[in-house]
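What follows is the content of work01.cif, which has mmCIF, C-alpha atoms and all ligand atoms:
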```cif
data_target
loop_
_atom_site.label_atom_id
_atom_site.label_comp_id
_atom_site.auth_asym_id
_atom_site.auth_seq_id
_atom_site.Cartn_x
_atom_site.Cartn_y
_atom_site.Cartn_z
CA MET A 1 0.00 0.00 0.00
CA ALA A 2 1.31 3.47 -0.88
CA THR A 3 2.14 5.70 2.07
CA ASN A 4 0.68 9.18 2.33
CA THR A 5 4.03 10.71 1.35
CA GLN A 6 4.31 8.46 -1.72
CA GLU A 7 0.77 9.39 -2.73
CA GLN A 8 1.50 13.09 -2.28
CA GLN A 9 4.68 12.77 -4.36
CA SER A 10 2.96 10.99 -7.23
CA GLN A 11 0.07 13.48 -7.03
CA ALA A 12 2.60 16.33 -7.27
CA ALA A 13 4.34 14.64 -10.22
CA ARG A 14 1.04 14.41 -12.05
CA HIS A 15 0.45 18.13 -11.63
CA GLN A 16 3.73 19.51 -12.87
CA GLU A 17 2.52 20.33 -16.39
CA VAL A 18 2.33 24.08 -16.90
CA GLY A 19 -1.31 25.08 -16.91
CA HIS A 20 -2.48 21.80 -15.40
CA LYS A 21 -6.15 22.42 -14.80
CA SER A 22 -7.80 19.02 -14.60
CA LEU A 23 -9.85 18.86 -11.44
CA LEU A 24 -11.23 15.38 -11.91
CA GLN A 25 -9.03 13.50 -9.49
CA THR A 26 -11.37 11.20 -7.62
CA ASP A 27 -14.28 8.85 -8.20
CA ASP A 28 -16.23 10.94 -5.67
CA LEU A 29 -15.87 13.95 -7.94
CA TYR A 30 -17.17 11.96 -10.90
CA GLN A 31 -20.09 10.71 -8.79
CA TYR A 32 -20.79 14.30 -7.79
CA ILE A 33 -21.06 15.31 -11.47
CA LEU A 34 -23.43 12.44 -12.18
CA GLU A 35 -25.65 13.08 -9.18
CA THR A 36 -25.66 16.87 -9.38
CA SER A 37 -25.73 17.66 -13.09
CA VAL A 38 -26.33 14.52 -15.13
CA TYR A 39 -28.93 12.24 -13.53
CA PRO A 40 -31.33 15.05 -12.54
CA ARG A 41 -31.40 16.27 -16.16
CA GLU A 42 -31.31 12.88 -17.90
CA PRO A 43 -34.37 12.47 -20.13
CA GLN A 44 -36.67 9.70 -18.84
CA PRO A 45 -36.14 7.41 -21.88
CA MET A 46 -32.35 7.63 -21.47
CA LYS A 47 -32.70 6.73 -17.79
CA GLU A 48 -34.89 3.78 -18.73
CA LEU A 49 -32.42 2.61 -21.37
CA ARG A 50 -29.47 3.04 -18.99
CA GLU A 51 -31.21 0.95 -16.33
CA LEU A 52 -32.19 -1.70 -18.84
CA THR A 53 -28.62 -1.86 -20.19
CA ALA A 54 -27.20 -2.13 -16.65
CA LYS A 55 -28.82 -5.59 -16.44
CA HIS A 56 -27.11 -6.78 -19.63
CA PRO A 57 -23.91 -8.86 -19.24
CA TRP A 58 -21.92 -6.62 -21.62
CA ASN A 59 -22.99 -3.35 -19.93
CA LEU A 60 -19.34 -2.28 -19.75
CA MET A 61 -19.72 -1.27 -23.41
CA THR A 62 -22.43 1.33 -22.90
CA THR A 63 -21.81 5.06 -23.23
CA SER A 64 -21.73 6.73 -19.80
CA ALA A 65 -24.53 9.09 -18.78
CA ASP A 66 -22.22 12.13 -18.67
CA GLU A 67 -20.98 11.40 -22.18
CA GLY A 68 -24.58 10.92 -23.33
CA GLN A 69 -25.41 14.36 -21.95
CA PHE A 70 -22.35 15.82 -23.69
CA LEU A 71 -23.24 14.26 -27.07
CA ASN A 72 -26.83 15.48 -26.80
CA MET A 73 -25.69 19.05 -26.12
CA LEU A 74 -22.98 18.95 -28.81
CA LEU A 75 -25.41 17.80 -31.51
CA LYS A 76 -27.80 20.62 -30.64
CA LEU A 77 -24.98 23.16 -30.67
CA ILE A 78 -23.87 22.18 -34.17
CA ASN A 79 -27.48 21.88 -35.43
CA ALA A 80 -26.78 18.36 -36.61
CA LYS A 81 -29.33 16.83 -38.94
CA ASN A 82 -27.64 14.08 -40.93
CA THR A 83 -25.60 11.77 -38.69
CA MET A 84 -24.03 8.35 -38.51
CA GLU A 85 -23.15 5.99 -35.68
CA ILE A 86 -20.81 3.02 -35.90
CA GLY A 87 -21.30 0.74 -32.87
CA VAL A 88 -24.78 0.88 -31.33
CA TYR A 89 -24.93 -1.87 -28.66
CA THR A 90 -28.25 -1.22 -26.81
CA GLY A 91 -28.46 2.33 -28.14
CA TYR A 92 -27.66 4.76 -25.33
CA SER A 93 -25.54 7.11 -27.49
CA LEU A 94 -27.98 6.51 -30.34
CA LEU A 95 -30.88 7.69 -28.19
CA ALA A 96 -28.85 10.69 -26.96
CA THR A 97 -28.36 11.55 -30.64
CA ALA A 98 -31.92 10.84 -31.75
CA LEU A 99 -33.33 13.07 -28.99
CA ALA A 100 -31.05 15.93 -30.05
CA LEU A 101 -31.88 15.89 -33.77
CA PRO A 102 -34.82 17.76 -35.31
CA HIS A 103 -37.94 15.76 -36.26
CA ASP A 104 -36.60 15.19 -39.79
CA GLY A 105 -33.06 14.39 -38.61
CA LYS A 106 -31.41 11.13 -39.65
CA ILE A 107 -29.03 8.60 -38.11
CA LEU A 108 -27.49 5.81 -40.11
CA ALA A 109 -26.70 3.34 -37.33
CA MET A 110 -24.56 0.25 -37.82
CA ASP A 111 -23.75 -2.73 -35.66
CA ILE A 112 -22.88 -6.36 -36.27
CA ASN A 113 -25.30 -7.29 -33.50
CA ARG A 114 -28.98 -6.54 -34.08
CA LYS A 115 -30.10 -8.36 -30.93
CA ASN A 116 -28.63 -5.76 -28.57
CA TYR A 117 -30.08 -2.92 -30.64
CA GLU A 118 -33.49 -4.60 -30.43
CA LEU A 119 -33.18 -4.79 -26.66
CA GLY A 120 -33.20 -1.00 -26.43
CA LEU A 121 -35.44 -0.35 -29.43
CA PRO A 122 -38.78 -0.39 -27.53
CA VAL A 123 -37.49 2.48 -25.35
CA ILE A 124 -36.39 4.41 -28.44
CA GLN A 125 -39.79 3.82 -30.06
CA LYS A 126 -41.62 4.93 -26.94
CA ALA A 127 -39.52 8.12 -26.95
CA GLY A 128 -40.94 8.85 -30.43
CA VAL A 129 -37.57 9.09 -32.20
CA ALA A 130 -37.20 5.68 -33.89
CA HIS A 131 -38.26 7.14 -37.26
CA LYS A 132 -34.95 9.05 -37.40
CA ILE A 133 -32.93 5.82 -37.29
CA GLU A 134 -31.94 3.58 -40.18
CA PHE A 135 -30.30 0.53 -38.63
CA LYS A 136 -28.00 -1.65 -40.71
CA GLU A 137 -26.88 -4.97 -39.29
CA GLY A 138 -23.36 -6.02 -40.23
CA PRO A 139 -19.84 -4.66 -40.38
CA ALA A 140 -19.70 -0.94 -41.04
CA MET A 141 -16.81 -0.91 -43.53
CA PRO A 142 -18.68 -2.29 -46.58
CA VAL A 143 -21.53 0.18 -45.90
CA LEU A 144 -19.05 3.07 -45.90
CA ASP A 145 -17.49 1.82 -49.15
CA GLU A 146 -20.94 1.64 -50.71
CA LEU A 147 -21.78 5.17 -49.53
CA LEU A 148 -18.55 6.46 -51.05
CA GLN A 149 -19.50 5.14 -54.46
CA ASP A 150 -22.25 7.72 -54.69
CA GLU A 151 -20.84 11.24 -54.99
CA LYS A 152 -23.90 12.77 -53.32
CA ASN A 153 -22.94 11.16 -50.00
CA HIS A 154 -19.57 12.89 -50.01
CA GLY A 155 -19.41 15.71 -47.47
CA SER A 156 -23.01 15.01 -46.42
CA TYR A 157 -22.75 14.15 -42.70
CA ASP A 158 -22.88 16.74 -39.93
CA PHE A 159 -21.76 14.32 -37.24
CA ILE A 160 -20.34 10.79 -37.13
CA PHE A 161 -19.87 8.89 -33.87
CA VAL A 162 -17.42 5.98 -34.02
CA ASP A 163 -17.67 3.54 -31.13
CA ALA A 164 -16.94 0.06 -32.49
CA ASP A 165 -13.92 -2.06 -33.49
CA LYS A 166 -10.94 0.04 -32.37
CA ASP A 167 -8.54 -1.84 -34.68
CA ASN A 168 -10.40 -0.34 -37.63
CA TYR A 169 -10.64 3.31 -36.53
CA LEU A 170 -7.90 4.43 -38.91
CA ASN A 171 -9.53 2.51 -41.77
CA TYR A 172 -12.83 4.20 -40.87
CA HIS A 173 -11.10 7.56 -40.76
CA LYS A 174 -9.88 7.21 -44.37
CA ARG A 175 -13.50 6.87 -45.46
CA LEU A 176 -15.29 9.09 -42.96
CA ILE A 177 -13.15 12.10 -43.77
CA GLU A 178 -14.75 11.99 -47.24
CA LEU A 179 -18.26 11.51 -45.92
CA VAL A 180 -18.33 14.20 -43.23
CA LYS A 181 -19.06 17.78 -44.22
CA VAL A 182 -16.35 20.40 -44.26
CA GLY A 183 -16.96 21.96 -40.82
CA GLY A 184 -18.66 18.76 -39.62
CA LEU A 185 -17.48 16.52 -36.79
CA ILE A 186 -16.28 12.95 -36.38
CA GLY A 187 -16.12 11.74 -32.77
CA TYR A 188 -13.82 8.79 -32.08
CA ASP A 189 -14.75 7.23 -28.76
CA ASN A 190 -12.55 5.55 -26.14
CA THR A 191 -9.37 7.32 -27.19
CA LEU A 192 -8.01 7.10 -23.63
CA TRP A 193 -8.76 3.36 -23.62
CA ASN A 194 -9.36 3.11 -19.91
CA GLY A 195 -6.17 5.02 -19.18
CA SER A 196 -4.03 2.31 -20.76
CA VAL A 197 -2.56 4.76 -23.30
CA VAL A 198 -0.09 5.76 -20.59
CA ALA A 199 0.53 2.27 -19.20
CA PRO A 200 4.18 1.14 -19.20
CA ALA A 201 5.08 -1.39 -21.93
CA ASP A 202 5.35 -4.19 -19.35
CA ALA A 203 2.16 -3.33 -17.43
CA PRO A 204 0.01 -6.42 -16.79
CA LEU A 205 -2.90 -5.42 -19.02
CA ARG A 206 -5.62 -7.77 -20.11
CA LYS A 207 -4.90 -9.16 -23.60
CA TYR A 208 -7.72 -7.30 -25.34
CA VAL A 209 -6.84 -4.01 -23.60
CA ARG A 210 -3.23 -4.32 -24.81
CA TYR A 211 -4.30 -5.38 -28.33
CA TYR A 212 -6.79 -2.57 -28.97
CA GLY A 213 -4.70 -0.08 -26.97
CA ASP A 214 -1.97 -0.24 -29.61
CA PHE A 215 -4.51 0.73 -32.29
CA VAL A 216 -5.92 3.52 -30.14
CA MET A 217 -2.46 5.00 -29.60
CA GLU A 218 -1.71 4.74 -33.32
CA LEU A 219 -4.99 6.54 -34.04
CA ASN A 220 -4.24 9.29 -31.53
CA LYS A 221 -0.85 9.93 -33.14
CA ALA A 222 -2.30 9.93 -36.64
CA LEU A 223 -5.16 12.32 -35.77
CA ALA A 224 -2.75 14.72 -34.09
CA VAL A 225 -0.86 15.27 -37.35
CA ASP A 226 -3.72 15.03 -39.87
CA PRO A 227 -3.86 18.41 -41.67
CA ARG A 228 -7.42 17.79 -42.93
CA ILE A 229 -8.86 18.18 -39.43
CA GLU A 230 -8.55 20.11 -36.23
CA ILE A 231 -8.99 18.06 -33.10
CA CYS A 232 -10.08 18.29 -29.49
CA MET A 233 -9.37 15.41 -27.14
CA PHE A 234 -12.23 15.60 -24.69
CA PRO A 235 -11.73 13.59 -21.47
CA VAL A 236 -15.38 12.70 -20.94
CA GLY A 237 -16.28 9.02 -20.46
CA ASP A 238 -13.32 7.04 -21.76
CA GLY A 239 -12.13 9.97 -23.88
CA ILE A 240 -13.62 11.18 -27.12
CA THR A 241 -11.55 12.84 -29.83
CA LEU A 242 -13.56 15.32 -31.83
CA CYS A 243 -12.28 15.93 -35.34
CA ARG A 244 -13.57 18.92 -37.29
CA ARG A 245 -13.06 18.60 -41.03
CA LEU A 246 -11.18 21.58 -42.42
CA LYS A 247 -11.00 20.82 -46.15
N1 LIG A 301 -22.31 3.37 -28.65
C1 LIG A 301 -22.78 2.24 -27.87
C2 LIG A 301 -23.57 2.68 -26.66
O1 LIG A 301 -23.78 3.90 -26.47
O2 LIG A 301 -23.99 1.82 -25.87
C3 LIG A 301 -21.67 1.31 -27.46
C4 LIG A 301 -21.03 0.56 -28.60
S1 LIG A 301 -20.06 -0.81 -28.06
C5 LIG A 301 -18.73 -0.08 -27.22
C6 LIG A 301 -19.30 -1.39 -29.55
C7 LIG A 301 -20.25 -2.00 -30.55
O3 LIG A 301 -19.57 -2.12 -31.80
C8 LIG A 301 -20.75 -3.39 -30.20
O4 LIG A 301 -22.16 -3.37 -30.09
C9 LIG A 301 -20.29 -4.27 -31.37
O5 LIG A 301 -21.25 -5.24 -31.75
C10 LIG A 301 -20.10 -3.24 -32.47
N2 LIG A 301 -19.16 -3.62 -33.53
C11 LIG A 301 -18.00 -4.32 -33.41
N3 LIG A 301 -17.41 -4.46 -34.60
C12 LIG A 301 -18.20 -3.82 -35.51
C13 LIG A 301 -18.12 -3.58 -36.90
N4 LIG A 301 -17.10 -4.06 -37.63
N5 LIG A 301 -19.09 -2.87 -37.52
C14 LIG A 301 -20.14 -2.38 -36.79
N6 LIG A 301 -20.27 -2.57 -35.46
C15 LIG A 301 -19.32 -3.27 -34.83
CA CA A 302 -17.48 3.81 -26.14
#
```
Starting from the file, lay out its structure as structure tokens.
Ligand code: SAM
Ligand code: CA
Amino acid sequence: MATNTQEQQSQAARHQEVGHKSLLQTDDLYQYILETSVYPREPQPMKELRELTAKHPWNLMTTSADEGQFLNMLLKLINAKNTMEIGVYTGYSLLATALALPHDGKILAMDINRKNYELGLPVIQKAGVAHKIEFKEGPAMPVLDELLQDEKNHGSYDFIFVDADKDNYLNYHKRLIELVKVGGLIGYDNTLWNGSVVAPADAPLRKYVRYYGDFVMELNKALAVDPRIEICMFPVGDGITLCRRLK
């Protein structure tokens, strides 16, 4: 167990960066955000979907409530209308998106697993926003390639949320950069990969964390030097990197 002095030293080391301003240092602080600002304002259908998802064995995959609130606000701020989501699971981020879009807004949603989407679908239907969603079951890549074949899809998306197979993010990026509007946003989720992006090379990480972590780090490096976008690494949830298309 670390002594108080050791803890203080490592805390100090973490805060040496000039301009260090991150206040989120404890789980209690995160819980405070959820209880004070997120849960009291969470729309009823999102609460219902979150509670339903919590009973599912793969609930680790769901978007957190604070990130859902962030996405909902972001989509309203950019007046998003035509959107895409890669990686739906039970649909928490999808519902956050659907609730933010205007009545005639659209979401092309893709997942290899329809069953999980159908688990959350009744809640989405009850919320009156299912008509905005076109769900495609199967891997996203062939759908993107098909979209790219039609010139009218180029530069047509206001917002694209990518939350699926991390080993393909860079392959998605090659395609999505053509599909998103100039001035539009792509959000790559989990770019902090549970903090493992700063784990030492010999850290005892679970196999899948190590495997996908390498792809996440490669993505982060590539996005940081991509001249076609400007980026903002937003440390909400497990980290989301927002990429705004410049040209
Ligand atoms: N955004 C979701 C939410 O808010 O709950 C979470 C998505 S979960 C982290 C990742 C999803 O990506 C899984 O449901 C998985 O089935 C899906 N997935 C994995 N590989 C995929 C692929 N090649 N194409 C589309 N979806 C994929
Ligand atoms: Ca995610």
Dump the neighbourhood of ligand CA 302 (chain A) as a PyMOL selection string: all residues within 12 Å, distances computed on all atoms listed in the file. chain A and resi 59-65+67-68+71+85-94+161-166+187-194+236-241
For the atom pair atom CA of Asn171 of chain A and atom CA of Ile231 of chain A, what is the interatomic distance in Å to one decimal place? 17.8 Å
Which one of A:Gln16, A:Gln44, A:Asn79, A:Gln69 sits closest to ligand LIG 301 (chain A) if you count all atoms listed in the file? A:Gln69
Enclose all atoms of segment 53-71 of chain A listed in the file in an axis-aligned box, grow every side by 3 Å, and hand back centre and edge lengths in Å to one decimal, as AutoDock Vina command-line options.
```
--center_x -24.1 --center_y 3.5 --center_z -21.8 --size_x 15.5 --size_y 30.7 --size_z 16.6
```
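Proximity ranking of A:Gly128, A:Pro204, A:Gly120, A:Gly184 relative to ligand LIG 301 (chain A) places A:Gly120 first, based on only C-alpha atoms and all ligand atoms.
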Tyr39 of chain A environment, 12 Å, all atoms listed in the file, sequence neighbours closer than 2 positions dropped, as a ChimeraX atom specification: /A:31-37,41-44,46-48,50-51,64-69
Which is closer to ligand LIG 301 (chain A) than all the others in A:Ala222, A:Ala98, A:Leu24, A:Ala203, using all atoms listed in the file? A:Ala98
Just want the 9 Å neighbourhood of Leu144 of chain A, counted on all atoms listed in the file, with same-chain residues fewer than 5 positions away dropped. Output as a PyMOL selection string. chain A and resi 149+172+175-176+179
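Among A:Pro227, A:Gly138, A:Pro235, A:Gly213, the residue with the shortest atom-to-atom distance to ligand LIG 301 (chain A), counting all atoms listed in the file, is A:Gly138.
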